[in-house]
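A.B. asks: Here it is, the structure in full.
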Amino acid sequence: MKSLIKKLVETVGPSGYESKIREVIRGEVEGYADEIRVDAMGNLIVKKGEKKEGGLRVMLSAHMDEIGVMVTHVDKNGFARFTSVGGVRPHSCYGSRVRFMNGTVGVIGGERLDNANHVHALEAMYIDVGASSAEDCPIKIGDVAAFDRPFEDLGKRLVSKAMDDRVCAAVLIETLKQVKNSPHELYFVFSTQEEVGLRGATTAAYSIDPDVGIASDVTMTGDTPRGIKMEVGLGKGPAIKVKDGGMLADPKVVEAMIQCALKHNIPYQLEVLLGGTTDAKAMQISRAGMPAGCLSVPTRYLHTPSEMVDVEDVNNAVKLLTALLSEPIELT
Amino acid sequence: MKNEEILSQIPEIGEGQIKLLETLSNAVSVSGDEGEVRAIVMEALKELADDVRVDALGNVLVTKKAKVENPIRVMIAAHMDEVGFMLVDDEGEGLFKFEIVGGIDNRQLVGKPVLVGKDKLPGVIGAKPIHLTTADERKNPIPLENLRIDVGPGNSKKCKVGDRATFATRFETWGPSLVGKALDDRLGVATLIELLKHTPGNIELLAAFTVQEENGLRGARVAAYSMHPDVAFVLDSTPANDLPVWDEEENARYNVRLNHGPAIYRLDAATLSDPRLINLLTDTGDELGIPYQYRQPGKGGTDAGAIHKQRGGIPSVSISVPGRYAHTAVLIARREDWKNTLALVYATLCKISKDLFLADR
Amino acid sequence: MTDLKDTLKKLISLPGLSGYEAPAREVIAAAWQPLVDEISVSPMGSLHGFRRGTGPEPRPSILLAAHMDAIGLMITGFQDGLLRFTEIGGVDPRILPGLRVTVHGRRNLPAVVVQPPDYLLDPTQRGKSVAMEHLFIDTGLEEDEVNQLVSIGDLASFAQEPLELSGRTIVGHSLDNRISVAAITYCLQELQHMLHAWDVWAVATVQEEETMGGGFTSPFKIDPTVAVAIDVTFAKGPGANDWRTVGLCKGPTLAWGPNAHPYIHKKFLDVADQLEIPYQKEFAPRHTGTDAYAMQVTASGYPTMVIGIPLRYMHTPVEMIAMKDMERAGRLLAETIVRLEVDFMEKITWDEVKDEE
């Protein structure tokens, strides 16, 4: 599991530019799928099994894109101005490094501040790739980059950029490998452009037209010093989402997950997240609507280049999803 | 088709096209009330299309068939609506409270002449005389709730609450420039009409003249759903902020520049354009010597934001004519940029085929 | 005809918060059952009642949508025997201190929202209207018992009982938008003894207060010819007197703006004029904030309209409506529906729509 996560998080793939990470995931799932296709938005759609008696058509979604930056202008001295792709916070930019799709690495610097205690606005920062003019700069307007930070194995806990949401891509890959004799027609969707507004899941849900939708994504925690007030913490199990900033999970899906966890003695937590949302929101209101929910992996320091997860939470997420999909799902 | 052949067939921007743009620019079509532009479009479309219909929201949806079998189905969208005002409260004596529809900076309102209602009743947005203001007052913009549209006491019965209004600007040409209100997006509407007059035979053209773009891309959303095209191009106008910076440093936030050709979008708040379509546009521009520029990635959005998420996903890209001072009483664009926009889109359509989908996005 | 007051009072005594509408849905289903030909529940939980028209097939259909979900609170955590919470739908934190609620744990618990004294609060909150994250719900139970009876994600609903004031006005929580459900019910009752060519879909939608999820999804399956949202609108009252407000008990409102199809607006207006049903105009230059906003852009798009019922003190536990406004809205819906000819939509020629004088 750890080596799979490492491989996934170290691949560059900001929203809209998921071709590399898609090929990495494709390599992992080939051999376990009945059908693999890529749709117009670049979603990787992996089908397994047929609907049997008591079965449903289930769409699972983990997004493969990550937050990043896009160059808006290279000035005459070779400094590249940039904008965010997804929810990039200015306070985690200054001094960070970014890696472009073509391999170029740059450092984020900033204009002089009137007050050194202030944070640079994105517009007051730039990427320095070591160029001295616009002409010798290896990047140009429109090029995209992701944050660059090595994966660290801290034993129980793992740290990296792009845990959001590659850790859940790993959860879906492992679930795909482990689920046997499911009564369901399963669609594992590795979705695109989640960080810019759930765009990939929106179109994938439309074309798959499932009976039920389950997202797997990261969620915040309230277990850090003077952090947000939230009951979710690392190491207490995957979190079954009840509500987030964008949707109310279907109570039938929540109950099915809880009952499954209790039955198989898998630790879990209940999650009410005040901001943010996941692909489940897009699935819920697709076409005539569907019951939708989300299984979350608790993650500290979200949307920074050092997102931290607990490896047991990840393993338990796989266990819970595998168990859930191996049996008929009672949606009552 | 050979490049020379394409170049020889590129439609021109002549006096007839400018005249149509003038008619479009002077029409009043605030989001949600696009009747006047719709009527102009319908008139221009006579005998140009195989099928024309108006949908539930008021979009004009047009099909023009290809001259080949099994063509790629290309949607091209341009929005008919513009930013403006709605009268919301009648205070008597010809004075009306109003709300802004779409995004207009309050500071652009004071002292402007406006046209109100279907009969284009003249009116003004007045302000307190400077003599009666304090120095502190003058430092702050006048809030919308303190502004009124005044049609004069004699005309107070000729318009009513619920009527729309726009800036009264009339279209002009100034040397190389096109000057008028609502050129965002009447430039796109006029371009799309030209493309319907001169459609490359290799594509089925699905032209959508959309409503309510400035009100949240609502018309394009349903248009794309019902047209269900293979790909979509959106024609719009985007601000050229290539103006001096206060400290005379290099302007790194110009969005686009006048005279640099059509602006191709890579990223805005609503869309990450399909790279396959971006490459097709830039390759075409490079091969045929048609100038183009990238719109600086950033905020904002076009109808593509709604279109690309419909059904199973629709590869989309936007191309804009650069224009200064959009969403004010006057927009200034260059005729040359418009010409090159039409040329680039036309040439790209000549080259587009289903081979586009051989590679994954 | 059944007096709807009792049904309404029953409806506004129930929780049925967004996402958890089942209690309200059951009561509405019971009220609609005798008035419709078929009844079903959508995958998201919206209630679809179907009443067949008399026109030849394929018949046009009109969808009447009123959201049945209510605003309220959700438990997010525990602290020293007290409960932390967040909102479902838009709740003004200033109505919260001292608010009586029911916590829906393993059993229903009476409770109150409490505000700690200033000196115990985060300094930024002292003397201010205190943000929700600094308030608690107190059930009066000991910590062990609370933690056993309540879990994260449990709901808390407003406990205000319905009140009847003078002039046939009703006060209570969730009159937004169960008064509109009552208006649809009134319309269905009227239609019992009328002939209508069009099919009628009575829809009680879910999650309007959160995502408009019901509004986005119900038209997809039903694919109506016309979709009308019935929702509450601001009645004039303390602090609410500008152009966005209308009179209480002065008739339902007819919306005008981008979410209202001008031709359908005119149809309702003509019927109201003809029958002398009092009405008011509501101007929505951009969005109406109702299910019509969602229904209009579902799939290939639907012609939409919004009928409003004036309501005072929106999103408080003491919302106030006039029964007469509800009845007039219901009657206007029914009388308009019976006047929809089979070819009504074909007669719409966009650019001949003239505003009423």
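Labeling convention for the structure tokens: chains A, B, ... as they appear, residues from 1 per chain, ligands from 1 in order of appearance.
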Define the interface residues of chain A facing chain C as those within 6 Å, counting only C-alpha atoms, and report them as a PDB file with C-alpha atoms, in the first residue's frame.

C.D. replies:
ATOM      1  CA  GLU A 231     -14.459  15.423  15.774  1.00  0.00           C
ATOM      2  CA  VAL A 242     -22.821  12.850   6.845  1.00  0.00           C
ATOM      3  CA  LEU A 248     -25.871  16.131   2.528  1.00  0.00           C
ATOM      4  CA  VAL A 272     -19.559  16.634   9.395  1.00  0.00           C
ATOM      5  CA  ILE A 285     -27.835  15.539  -8.635  1.00  0.00           C
ATOM      6  CA  ARG A 287     -29.881  13.081 -14.171  1.00  0.00           C
ATOM      7  CA  ALA A 288     -32.921  12.217 -12.015  1.00  0.00           C
ATOM      8  CA  GLY A 289     -30.731  12.083  -8.905  1.00  0.00           C
ATOM      9  CA  MET A 290     -29.282   9.171  -6.954  1.00  0.00           C
TER      10      MET A 290
END

A.B. asks: Can you pull out every residue within 8 Å of stretch 128-131 of chain A, counting only C-alpha atoms, but drop anything in the same chain fewer than 5 positions away, and send it as a list in words?

C.D. replies: Asn77, Gly78, Phe79, Ala80, Thr104, Val105, Gly106, Val107, Ile108, Gly109, Asp136, Cys137 and Pro138 of chain A

A.B. asks: Keeping only C-alpha atoms, take the residues you just selected and write them out as a short mmCIF file (atom, residue, chain, number, x, y, z; two decimals), in the first residue's frame.

C.D. replies:
data_model
loop_
_atom_site.label_atom_id
_atom_site.label_comp_id
_atom_site.auth_asym_id
_atom_site.auth_seq_id
_atom_site.Cartn_x
_atom_site.Cartn_y
_atom_site.Cartn_z
CA ASN A 77 13.69 38.95 -16.87
CA GLY A 78 12.37 35.39 -17.06
CA PHE A 79 10.20 35.38 -13.94
CA ALA A 80 6.91 33.55 -14.43
CA THR A 104 11.22 21.92 -15.22
CA VAL A 105 11.50 22.79 -11.52
CA GLY A 106 10.96 26.27 -10.14
CA VAL A 107 10.95 28.11 -6.82
CA ILE A 108 8.16 30.43 -5.75
CA GLY A 109 9.38 33.84 -4.70
CA ASP A 136 15.73 31.55 -22.33
CA CYS A 137 12.86 30.61 -20.02
CA PRO A 138 11.88 26.94 -20.57
#

A.B. asks: Using only C-alpha atoms, determine which residues lie at most 8 Å from A:Pro238, disregarding the query and same-chain residues fewer than 4 positions distant; provide the list as a list of chain:residue names.

C.D. replies: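 The neighbour list is A:Pro267, A:Tyr268, A:Gln269, A:Leu295, A:Ser296, A:Val297, A:Pro298, A:Asp313, A:Val314, A:Asn316, A:Ala317.
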
A.B. asks: Find the residue from A:Thr72, A:Thr304, A:Thr203, A:Asn115 that sits nearest to B:Tyr254; use only C-alpha atoms when measuring.

C.D. replies: A:Thr72

A.B. asks: Tell me as an MDAnalysis selection string which residues belonging to chain C come within 6 Å of chain B, counting only C-alpha atoms.

C.D. replies: chainID C and resid 243 258 297 299:303 351

A.B. asks: Taking N, CA and C atoms for each residue, export the selection above as a CSV table (one decimal), in the first residue's frame.

C.D. replies:
chain,number,residue,atom,x,y,z
C,243,TRP,N,-38.2,47.3,-2.2
C,243,TRP,CA,-38.8,46.8,-3.4
C,243,TRP,C,-38.9,45.3,-3.5
C,258,PRO,N,-35.4,36.8,-15.3
C,258,PRO,CA,-34.9,35.7,-16.1
C,258,PRO,C,-35.4,34.3,-15.8
C,297,VAL,N,-32.9,25.1,-16.0
C,297,VAL,CA,-31.7,24.7,-16.8
C,297,VAL,C,-31.4,23.2,-16.7
C,299,ALA,N,-31.5,19.5,-18.0
C,299,ALA,CA,-31.6,18.9,-19.4
C,299,ALA,C,-31.6,19.9,-20.5
C,300,SER,N,-32.6,19.8,-21.4
C,300,SER,CA,-32.7,20.8,-22.5
C,300,SER,C,-33.3,22.1,-22.1
C,301,GLY,N,-33.7,22.2,-20.8
C,301,GLY,CA,-34.3,23.5,-20.3
C,301,GLY,C,-35.8,23.4,-20.4
C,302,TYR,N,-36.4,24.1,-19.4
C,302,TYR,CA,-37.9,24.1,-19.3
C,302,TYR,C,-38.3,25.5,-19.1
C,303,PRO,N,-39.5,25.8,-19.7
C,303,PRO,CA,-40.1,27.1,-19.4
C,303,PRO,C,-40.6,27.1,-18.0
C,351,ASP,N,-41.1,36.4,-29.9
C,351,ASP,CA,-40.9,37.8,-29.9
C,351,ASP,C,-42.2,38.6,-30.1

A.B. asks: Considering only C-alpha atoms, extract the chain B residues located within 6 Å of chain A and return them as a PyMOL selection string.

C.D. replies: chain B and resi 272+296-297+309+311-313+361

A.B. asks: Write out as number ranges by chain each polymer residue whose atoms come within 10 Å of A:Ser216, counting only C-alpha atoms; drop sequence neighbours fewer than 6 positions from it.

C.D. replies: A: 60-63, 165, 167-169, 171-172, 238-241, 278-280, 293-297, 317, 321

A.B. asks: According to DSSP computed on the backbone, where in stretch 71-142 of chain A is there strand (DSSP E or B)? Give the residues as a list of chain:residue names.

C.D. replies: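 Across stretch 71-142 of chain A, those assigned strand (DSSP E or B) are A:Val71, A:Thr72, A:His73, A:Val74, A:Ala80, A:Arg81, A:Phe82, A:Thr83, A:Ser84, A:Val85, A:Arg97, A:Val98, A:Arg99, A:Phe100, A:Val105, A:Gly106, A:Val107, A:Ile108, A:Gly109, A:Gly110, A:Met125, A:Tyr126, A:Ile127, A:Asp128.
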
A.B. asks: Write out as number ranges by chain which residues come within 6 Å of stretch 309-311 of chain A when counting only C-alpha atoms, dropping same-chain ones fewer than 2 positions away.

C.D. replies: A: 156-158, 234-235, 299, 313-314

A.B. asks: With N, CA and C atoms kept, could you save the residues just selected as an mmCIF file, in the first residue's frame?

C.D. replies:
data_model
loop_
_atom_site.group_PDB
_atom_site.id
_atom_site.type_symbol
_atom_site.label_atom_id
_atom_site.label_comp_id
_atom_site.auth_asym_id
_atom_site.auth_seq_id
_atom_site.Cartn_x
_atom_site.Cartn_y
_atom_site.Cartn_z
ATOM 1 N N LYS A 156 3.674 5.015 11.079
ATOM 2 C CA LYS A 156 2.213 4.963 11.087
ATOM 3 C C LYS A 156 1.620 5.943 10.089
ATOM 4 N N ARG A 157 2.348 7.008 9.890
ATOM 5 C CA ARG A 157 1.771 8.102 9.103
ATOM 6 C C ARG A 157 2.612 8.422 7.876
ATOM 7 N N LEU A 158 1.934 8.896 6.850
ATOM 8 C CA LEU A 158 2.594 9.201 5.588
ATOM 9 C C LEU A 158 2.366 10.668 5.263
ATOM 10 N N LEU A 234 -6.945 11.626 12.964
ATOM 11 C CA LEU A 234 -6.150 10.586 12.309
ATOM 12 C C LEU A 234 -6.153 9.321 13.161
ATOM 13 N N GLY A 235 -6.185 8.167 12.484
ATOM 14 C CA GLY A 235 -5.995 6.898 13.178
ATOM 15 C C GLY A 235 -7.239 6.336 13.826
ATOM 16 N N THR A 299 -7.252 13.616 6.810
ATOM 17 C CA THR A 299 -5.971 14.116 6.327
ATOM 18 C C THR A 299 -5.673 15.475 6.958
ATOM 19 N N ASP A 313 -5.887 4.071 8.649
ATOM 20 C CA ASP A 313 -7.147 4.615 8.125
ATOM 21 C C ASP A 313 -7.324 4.209 6.658
ATOM 22 N N VAL A 314 -6.216 4.248 5.939
ATOM 23 C CA VAL A 314 -6.262 3.903 4.513
ATOM 24 C C VAL A 314 -6.617 2.418 4.361
#

A.B. asks: So how far away is atom CA of B:Ala66 from atom CA of B:Leu205, in Å?

C.D. replies: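 We find that atom CA of B:Leu205 and atom CA of B:Ala66 lie 7.4 Å from each other.
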
A.B. asks: In Å, rounded to a single decimal, give me how far atom CA of A:Val159 is from atom CA of A:Arg26.

C.D. replies: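 Computed distance, atom CA of A:Arg26 to atom CA of A:Val159, equals 23.8 Å.
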
A.B. asks: What is the atom CA of B:Leu121-atom CA of B:Gly84 distance in Å, reported with one decimal?

C.D. replies: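 Distance reported for this atom pair: 14.6 Å.
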